[in-house]
Each structure stands twice: as structure tokens, then as C-alpha cells.
$ cat start-v4.pdb   # PDB, C-alpha atoms
ATOM      1  CA  MET A   1      57.029 -12.265  38.744  1.00  0.00           C
ATOM      2  CA  GLU A   2      55.350 -15.582  39.338  1.00  0.00           C
ATOM      3  CA  PHE A   3      52.934 -16.595  42.094  1.00  0.00           C
ATOM      4  CA  ARG A   4      52.800 -20.364  42.449  1.00  0.00           C
ATOM      5  CA  LYS A   5      52.215 -23.211  44.854  1.00  0.00           C
ATOM      6  CA  SER A   6      55.191 -23.918  47.056  1.00  0.00           C
ATOM      7  CA  THR A   7      57.176 -27.140  46.869  1.00  0.00           C
ATOM      8  CA  MET A   8      59.446 -28.893  49.331  1.00  0.00           C
ATOM      9  CA  ALA A   9      62.382 -27.346  47.451  1.00  0.00           C
ATOM     10  CA  ASP A  10      61.134 -23.885  48.528  1.00  0.00           C
ATOM     11  CA  ILE A  11      61.039 -24.565  52.278  1.00  0.00           C
ATOM     12  CA  ASP A  12      64.507 -23.227  53.170  1.00  0.00           C
ATOM     13  CA  ALA A  13      63.866 -19.941  51.357  1.00  0.00           C
ATOM     14  CA  GLN A  14      60.400 -19.657  52.917  1.00  0.00           C
ATOM     15  CA  MET A  15      61.820 -20.288  56.390  1.00  0.00           C
ATOM     16  CA  LYS A  16      64.451 -17.580  55.862  1.00  0.00           C
ATOM     17  CA  ILE A  17      61.630 -15.139  55.069  1.00  0.00           C
ATOM     18  CA  VAL A  18      59.547 -16.328  58.048  1.00  0.00           C
ATOM     19  CA  ASN A  19      62.474 -16.223  60.481  1.00  0.00           C
ATOM     20  CA  ASP A  20      63.492 -12.751  59.314  1.00  0.00           C
ATOM     21  CA  ALA A  21      59.881 -11.628  59.809  1.00  0.00           C
ATOM     22  CA  LYS A  22      59.852 -13.112  63.318  1.00  0.00           C
ATOM     23  CA  GLN A  23      63.025 -11.164  64.136  1.00  0.00           C
ATOM     24  CA  LEU A  24      61.601  -7.933  62.735  1.00  0.00           C
ATOM     25  CA  LEU A  25      58.390  -8.319  64.743  1.00  0.00           C
ATOM     26  CA  LYS A  26      60.412  -9.064  67.880  1.00  0.00           C
ATOM     27  CA  SER A  27      62.591  -5.970  67.315  1.00  0.00           C
ATOM     28  CA  GLN A  28      59.365  -3.916  67.145  1.00  0.00           C
ATOM     29  CA  ASN A  29      58.113  -5.442  70.422  1.00  0.00           C
ATOM     30  CA  ILE A  30      55.276  -7.194  68.589  1.00  0.00           C
ATOM     31  CA  ASP A  31      54.604 -10.641  70.020  1.00  0.00           C
ATOM     32  CA  GLN A  32      53.102 -11.976  66.775  1.00  0.00           C
ATOM     33  CA  TRP A  33      54.931 -15.131  65.559  1.00  0.00           C
ATOM     34  CA  GLN A  34      57.027 -15.269  68.753  1.00  0.00           C
ATOM     35  CA  TYR A  35      55.693 -18.580  70.110  1.00  0.00           C
ATOM     36  CA  GLY A  36      56.970 -21.079  67.544  1.00  0.00           C
ATOM     37  CA  ASP A  37      54.518 -20.645  64.676  1.00  0.00           C
ATOM     38  CA  PRO A  38      54.888 -20.544  61.790  1.00  0.00           C
ATOM     39  CA  SER A  39      57.221 -23.491  62.206  1.00  0.00           C
ATOM     40  CA  ARG A  40      59.153 -25.399  59.585  1.00  0.00           C
ATOM     41  CA  GLN A  41      56.709 -28.268  60.040  1.00  0.00           C
ATOM     42  CA  ARG A  42      53.758 -25.928  59.334  1.00  0.00           C
ATOM     43  CA  ILE A  43      55.396 -24.528  56.167  1.00  0.00           C
ATOM     44  CA  GLU A  44      56.203 -28.086  55.002  1.00  0.00           C
ATOM     45  CA  LEU A  45      52.605 -29.152  55.683  1.00  0.00           C
ATOM     46  CA  ASP A  46      51.343 -26.153  53.690  1.00  0.00           C
ATOM     47  CA  ALA A  47      53.386 -27.385  50.697  1.00  0.00           C
ATOM     48  CA  LYS A  48      52.230 -30.994  51.138  1.00  0.00           C
ATOM     49  CA  GLU A  49      48.577 -29.936  51.438  1.00  0.00           C
ATOM     50  CA  GLY A  50      48.839 -27.655  48.409  1.00  0.00           C
ATOM     51  CA  VAL A  51      47.952 -24.471  50.326  1.00  0.00           C
ATOM     52  CA  GLY A  52      51.443 -22.929  50.448  1.00  0.00           C
ATOM     53  CA  TYR A  53      52.361 -20.271  47.885  1.00  0.00           C
ATOM     54  CA  VAL A  54      55.447 -18.289  46.951  1.00  0.00           C
ATOM     55  CA  LEU A  55      55.981 -15.086  44.997  1.00  0.00           C
ATOM     56  CA  CYS A  56      59.103 -15.454  42.855  1.00  0.00           C
ATOM     57  CA  ASP A  57      61.297 -13.349  40.619  1.00  0.00           C
ATOM     58  CA  GLY A  58      63.118 -15.954  38.586  1.00  0.00           C
ATOM     59  CA  ASP A  59      64.671 -18.367  41.066  1.00  0.00           C
ATOM     60  CA  LYS A  60      64.440 -15.932  43.985  1.00  0.00           C
ATOM     61  CA  ILE A  61      61.539 -16.324  46.411  1.00  0.00           C
ATOM     62  CA  LEU A  62      60.380 -12.870  47.496  1.00  0.00           C
ATOM     63  CA  GLY A  63      57.294 -13.734  49.538  1.00  0.00           C
ATOM     64  CA  THR A  64      55.315 -16.565  51.059  1.00  0.00           C
ATOM     65  CA  CYS A  65      51.815 -17.277  52.317  1.00  0.00           C
ATOM     66  CA  ALA A  66      49.199 -19.974  52.689  1.00  0.00           C
ATOM     67  CA  ILE A  67      45.694 -19.782  51.240  1.00  0.00           C
ATOM     68  CA  THR A  68      42.717 -21.802  52.442  1.00  0.00           C
ATOM     69  CA  TYR A  69      39.164 -21.811  51.144  1.00  0.00           C
ATOM     70  CA  GLY A  70      35.878 -22.054  53.024  1.00  0.00           C
ATOM     71  CA  ALA A  71      35.026 -21.655  56.687  1.00  0.00           C
ATOM     72  CA  ASP A  72      37.961 -20.866  58.966  1.00  0.00           C
ATOM     73  CA  LYS A  73      37.345 -21.594  62.645  1.00  0.00           C
ATOM     74  CA  ASN A  74      39.328 -18.495  63.618  1.00  0.00           C
ATOM     75  CA  TYR A  75      36.576 -16.422  62.007  1.00  0.00           C
ATOM     76  CA  THR A  76      33.412 -18.034  63.393  1.00  0.00           C
ATOM     77  CA  SER A  77      33.251 -15.543  66.260  1.00  0.00           C
ATOM     78  CA  ILE A  78      34.060 -11.873  65.718  1.00  0.00           C
ATOM     79  CA  ASP A  79      33.688  -8.800  67.889  1.00  0.00           C
ATOM     80  CA  GLY A  80      32.403  -6.800  64.963  1.00  0.00           C
ATOM     81  CA  LYS A  81      30.798  -7.844  61.688  1.00  0.00           C
ATOM     82  CA  TRP A  82      32.093  -9.438  58.512  1.00  0.00           C
ATOM     83  CA  GLN A  83      31.094  -7.770  55.245  1.00  0.00           C
ATOM     84  CA  THR A  84      29.872 -11.135  53.920  1.00  0.00           C
ATOM     85  CA  SER A  85      27.891 -13.766  55.780  1.00  0.00           C
ATOM     86  CA  ASP A  86      28.670 -16.968  53.877  1.00  0.00           C
ATOM     87  CA  ASP A  87      31.577 -19.405  54.192  1.00  0.00           C
ATOM     88  CA  ASN A  88      32.589 -18.939  50.564  1.00  0.00           C
ATOM     89  CA  TYR A  89      35.824 -17.045  51.218  1.00  0.00           C
ATOM     90  CA  ALA A  90      39.580 -17.437  50.905  1.00  0.00           C
ATOM     91  CA  THR A  91      41.817 -16.856  53.909  1.00  0.00           C
ATOM     92  CA  VAL A  92      45.429 -15.685  53.768  1.00  0.00           C
ATOM     93  CA  HIS A  93      47.702 -17.123  56.458  1.00  0.00           C
ATOM     94  CA  ARG A  94      51.400 -16.821  57.283  1.00  0.00           C
ATOM     95  CA  MET A  95      52.124 -14.028  54.811  1.00  0.00           C
ATOM     96  CA  ALA A  96      55.601 -12.500  54.772  1.00  0.00           C
ATOM     97  CA  VAL A  97      57.939 -10.779  52.323  1.00  0.00           C
ATOM     98  CA  ALA A  98      61.733 -11.130  52.108  1.00  0.00           C
ATOM     99  CA  ALA A  99      63.521  -8.622  54.327  1.00  0.00           C
ATOM    100  CA  ASP A 100      65.520  -7.209  51.410  1.00  0.00           C
ATOM    101  CA  SER A 101      62.281  -6.570  49.502  1.00  0.00           C
ATOM    102  CA  HIS A 102      60.344  -4.548  52.078  1.00  0.00           C
ATOM    103  CA  GLY A 103      58.809  -1.363  50.731  1.00  0.00           C
ATOM    104  CA  LEU A 104      58.497  -2.637  47.150  1.00  0.00           C
ATOM    105  CA  GLY A 105      54.771  -3.365  47.290  1.00  0.00           C
ATOM    106  CA  LEU A 106      55.198  -7.132  47.259  1.00  0.00           C
ATOM    107  CA  GLY A 107      52.665  -7.664  50.040  1.00  0.00           C
ATOM    108  CA  VAL A 108      50.075  -5.857  47.927  1.00  0.00           C
ATOM    109  CA  GLU A 109      51.100  -8.039  44.969  1.00  0.00           C
ATOM    110  CA  ILE A 110      50.601 -11.209  47.005  1.00  0.00           C
ATOM    111  CA  TYR A 111      47.107 -10.076  48.038  1.00  0.00           C
ATOM    112  CA  ARG A 112      46.376  -9.221  44.377  1.00  0.00           C
ATOM    113  CA  GLN A 113      47.380 -12.728  43.349  1.00  0.00           C
ATOM    114  CA  VAL A 114      45.245 -14.249  46.111  1.00  0.00           C
ATOM    115  CA  GLU A 115      42.305 -12.198  44.844  1.00  0.00           C
ATOM    116  CA  ILE A 116      42.821 -13.562  41.318  1.00  0.00           C
ATOM    117  CA  LEU A 117      42.840 -17.142  42.634  1.00  0.00           C
ATOM    118  CA  ALA A 118      39.795 -16.546  44.837  1.00  0.00           C
ATOM    119  CA  LYS A 119      37.827 -15.013  41.956  1.00  0.00           C
ATOM    120  CA  SER A 120      38.708 -17.975  39.741  1.00  0.00           C
ATOM    121  CA  LEU A 121      37.097 -20.220  42.368  1.00  0.00           C
ATOM    122  CA  ASN A 122      34.022 -17.959  42.663  1.00  0.00           C
ATOM    123  CA  MET A 123      34.828 -16.970  46.241  1.00  0.00           C
ATOM    124  CA  THR A 124      32.791 -14.125  47.731  1.00  0.00           C
ATOM    125  CA  SER A 125      35.686 -12.492  49.583  1.00  0.00           C
ATOM    126  CA  VAL A 126      39.202 -12.767  50.982  1.00  0.00           C
ATOM    127  CA  ARG A 127      39.814 -12.582  54.720  1.00  0.00           C
ATOM    128  CA  ALA A 128      42.973 -12.155  56.773  1.00  0.00           C
ATOM    129  CA  ASP A 129      44.013 -11.006  60.222  1.00  0.00           C
ATOM    130  CA  THR A 130      47.033  -9.467  61.878  1.00  0.00           C
ATOM    131  CA  HIS A 131      48.337  -8.281  65.229  1.00  0.00           C
ATOM    132  CA  HIS A 132      47.016  -4.947  66.511  1.00  0.00           C
ATOM    133  CA  HIS A 133      50.554  -3.523  66.579  1.00  0.00           C
ATOM    134  CA  ASN A 134      51.595  -4.841  63.149  1.00  0.00           C
ATOM    135  CA  ILE A 135      50.995  -1.509  61.444  1.00  0.00           C
ATOM    136  CA  ALA A 136      52.983  -2.422  58.319  1.00  0.00           C
ATOM    137  CA  MET A 137      50.701  -5.401  57.587  1.00  0.00           C
ATOM    138  CA  GLN A 138      47.596  -3.362  58.384  1.00  0.00           C
ATOM    139  CA  LYS A 139      48.719  -0.731  55.857  1.00  0.00           C
ATOM    140  CA  THR A 140      49.416  -3.430  53.266  1.00  0.00           C
ATOM    141  CA  MET A 141      45.951  -4.893  53.784  1.00  0.00           C
ATOM    142  CA  LEU A 142      44.281  -1.479  53.544  1.00  0.00           C
ATOM    143  CA  LYS A 143      46.241  -0.670  50.343  1.00  0.00           C
ATOM    144  CA  SER A 144      45.016  -4.008  48.997  1.00  0.00           C
ATOM    145  CA  GLY A 145      41.387  -3.022  49.521  1.00  0.00           C
ATOM    146  CA  PHE A 146      40.676  -4.847  52.784  1.00  0.00           C
ATOM    147  CA  LYS A 147      38.345  -3.264  55.308  1.00  0.00           C
ATOM    148  CA  PRO A 148      38.608  -3.762  59.082  1.00  0.00           C
ATOM    149  CA  CYS A 149      35.678  -5.825  60.354  1.00  0.00           C
ATOM    150  CA  GLY A 150      36.457  -6.259  64.049  1.00  0.00           C
ATOM    151  CA  ASN A 151      38.522  -8.395  66.357  1.00  0.00           C
ATOM    152  CA  ILE A 152      38.925 -12.145  66.633  1.00  0.00           C
ATOM    153  CA  LEU A 153      40.686 -14.482  69.038  1.00  0.00           C
ATOM    154  CA  LEU A 154      42.939 -17.080  67.413  1.00  0.00           C
ATOM    155  CA  GLN A 155      41.519 -20.588  67.798  1.00  0.00           C
ATOM    156  CA  ASN A 156      44.529 -22.769  66.993  1.00  0.00           C
ATOM    157  CA  GLY A 157      48.291 -22.909  66.895  1.00  0.00           C
ATOM    158  CA  ALA A 158      50.805 -21.541  69.370  1.00  0.00           C
ATOM    159  CA  GLU A 159      48.947 -18.229  69.750  1.00  0.00           C
ATOM    160  CA  VAL A 160      45.518 -19.592  70.789  1.00  0.00           C
ATOM    161  CA  GLY A 161      43.398 -16.942  72.485  1.00  0.00           C
ATOM    162  CA  ARG A 162      45.442 -14.003  71.238  1.00  0.00           C
ATOM    163  CA  PRO A 163      43.469 -11.136  69.669  1.00  0.00           C
ATOM    164  CA  ARG A 164      43.853 -10.072  66.064  1.00  0.00           C
ATOM    165  CA  ILE A 165      42.367  -7.400  63.818  1.00  0.00           C
ATOM    166  CA  ALA A 166      40.244  -9.150  61.199  1.00  0.00           C
ATOM    167  CA  MET A 167      39.870  -7.686  57.725  1.00  0.00           C
ATOM    168  CA  GLU A 168      37.954  -8.654  54.610  1.00  0.00           C
ATOM    169  CA  LYS A 169      37.928  -7.713  50.953  1.00  0.00           C
ATOM    170  CA  VAL A 170      34.714  -8.360  49.060  1.00  0.00           C
ATOM    171  CA  LEU A 171      35.346  -9.613  45.526  1.00  0.00           C
TER     172      LEU A 171
END
$ encode --input "start-v4.pdb" --output "C-alpha cells"
Amino acid sequence: MEFRKSTMADIDAQMKIVNDAKQLLKSQNIDQWQYGDPSRQRIELDAKEGVGYVLCDGDKILGTCAITYGADKNYTSIDGKWQTSDDNYATVHRMAVAADSHGLGLGVEIYRQVEILAKSLNMTSVRADTHHHNIAMQKTMLKSGFKPCGNILLQNGAEVGRPRIAMEKVL
């Protein structure tokens, strides 16, 4: 498997994964990703800005995410406490795995790859958040070594003001 930056040629496959994830969340009565984001424009911008990533097996894209580094405004205020207190962290956004690859541990593999990248940049930790009812993602994050730190309210995008469980893995 290969974990690499996404390109414009990957967008259709990434959007299939994202749209399937939106449908799955909707079928589970989880309102995460039900208000337009992540949109095609956001996934394209991730590729253009160099923050979009894909997990591939040959030519097949199995997973997608975005990774940013440094302070994330979603995480400046938390009802709880981060494990680290600096802004030297990576954040995982918009992570999803292909519907036909659920249960294969690919989410854990994506977080492992993010950890490798973050360590190579001397980051202190990796942070991420998810919906309170998205149990599958919470389990993936816990299996990946993340610890729950508290709750945040999203500060941007179509889900502004919505609460999320915030987790962190110290590197």
C-alpha cells in the first residue's frame, strides 16, 4: 500500500469514498457530513494546497484524508484538556475509507501513516475529532492510540457550532 498526496486525478475516487461515507452516516442517523461538507471543491482545494492524501493499493484508492500542521482554530477552545499545550501538532480532517474496504483496518493504517509524517516533521502530537455518535471512527481512533481529551465546537465550514469529540495522540 502507498500513502501519498492526492492529485486532481484522484478527486473522482475520493468523492466516491466521501459520498459513500455521507450515505452511511445518514443511514445511521448521524448528522456528520450531512450539510454539504466535505464538498468536491474542498477536496479539490486539499489537493491544490498539498494537504490532501490518499491510501492506495495499486491504482485503487482505498482511503482519503487531509492533514494540516500547526494551530487549528477548531481546537483553540476545548471543554476538557489537550495532552499537549503547544501548537506543534498535525490535524487529520475529512478521513474516510472506501465502503468495500470497511473492517480491514485501513483507518488505523491511515492514522499510522499520518503519525509517520508528523514525526518526520517533529510534531508533538496528532489531533482529530469526530461526531459523538460516530462510534466506528471513535473505535478507529482509540485503536490508533488516540485518547479522548474533551469536546470542541466546530469553528468553520457547513457544520459551524456543532460539537465533536476531540482526541489526541502524543508522538
$ resolve_selection --input "start-v4.pdb" --expression "the PyMOL selection byres ((chain A and resi 103-115) around 9)" --output "count of residues only"
32
$ residues_around --input "start-v4.pdb" --residues "A:His131" --least-positions-apart "5" --cutoff "7 Å" --atoms "only C-alpha atoms" --output "number ranges by chain"
A: 32, 164-165
$ resolve_selection --input "start-v4.pdb" --expression "the PyMOL selection byres ((chain A and resi 13) around 10)" --output "VMD selection string"
chain A and resid 9 to 12 14 to 19 54 60 to 64 98
$ residues_around --input "start-v4.pdb" --residues "A:Gly70" --least-positions-apart "3" --cutoff "7 Å" --atoms "all atoms listed in the file" --output "PDB file with C-alpha atoms, in the coordinates of the input"
ATOM      1  CA  ASP A  87      31.577 -19.405  54.192  1.00  0.00           C
ATOM      2  CA  ASN A  88      32.589 -18.939  50.564  1.00  0.00           C
ATOM      3  CA  TYR A  89      35.824 -17.045  51.218  1.00  0.00           C
ATOM      4  CA  ALA A  90      39.580 -17.437  50.905  1.00  0.00           C
TER       5      ALA A  90
END
$ resolve_selection --input "start-v4.pdb" --expression "the PyMOL selection byres ((chain A and resi 49) around 12)" --output "list of chain:residue names"
A:Lys5, A:Ser6, A:Thr7, A:Met8, A:Gln41, A:Arg42, A:Ile43, A:Glu44, A:Leu45, A:Asp46, A:Ala47, A:Lys48, A:Gly50, A:Val51, A:Gly52, A:Tyr53, A:Ala66, A:Ile67, A:Thr68
$ closest_residue --input "start-v4.pdb" --among "A:Arg40, A:Trp33, A:Ser85, A:Gly161" --to "A:Thr130" --atoms "all atoms listed in the file"
A:Trp33
$ closest_residue --input "start-v4.pdb" --among "A:Cys56, A:Ala21, A:Ala71, A:Met167" --to "A:Arg127" --atoms "all atoms listed in the file"
A:Met167
$ atom_distance --input "start-v4.pdb" --atom1 "atom CA of A:Cys149" --atom2 "atom CA of A:Asp31"
21.8 Å
$ axis_aligned_box --input "start-v4.pdb" --around "stretch 101-120 of chain A" --padding-each-side "8 Å" --output "lines of an AutoDock Vina configuration file"
center_x = 50.1
center_y = -9.7
center_z = 45.9
size_x = 40.5
size_y = 32.6
size_z = 28.3
$ atom_distance --input "start-v4.pdb" --atom1 "atom CA of A:Ile152" --atom2 "atom CA of A:Ala166"
6.3 Å
$ closest_residue --input "start-v4.pdb" --among "A:Arg162, A:Arg4, A:Arg94, A:Lys26" --to "A:His132" --atoms "all atoms listed in the file"
A:Arg162
$ atom_distance --input "start-v4.pdb" --atom1 "atom CA of A:Glu168" --atom2 "atom CA of A:Lys81"
10.1 Å
$ closest_residue --input "start-v4.pdb" --among "A:Met1, A:Leu25, A:Val160, A:Leu154" --to "A:Tyr75" --atoms "only C-alpha atoms"
A:Leu154
$ closest_residue --input "start-v4.pdb" --among "A:Asn74, A:Asn122, A:Ser27, A:Gln83" --to "A:Pro148" --atoms "only C-alpha atoms"
A:Gln83
$ closest_residue --input "start-v4.pdb" --among "A:Thr84, A:Asn156, A:Thr76, A:Asn134" --to "A:Asn29" --atoms "all atoms listed in the file"
A:Asn134
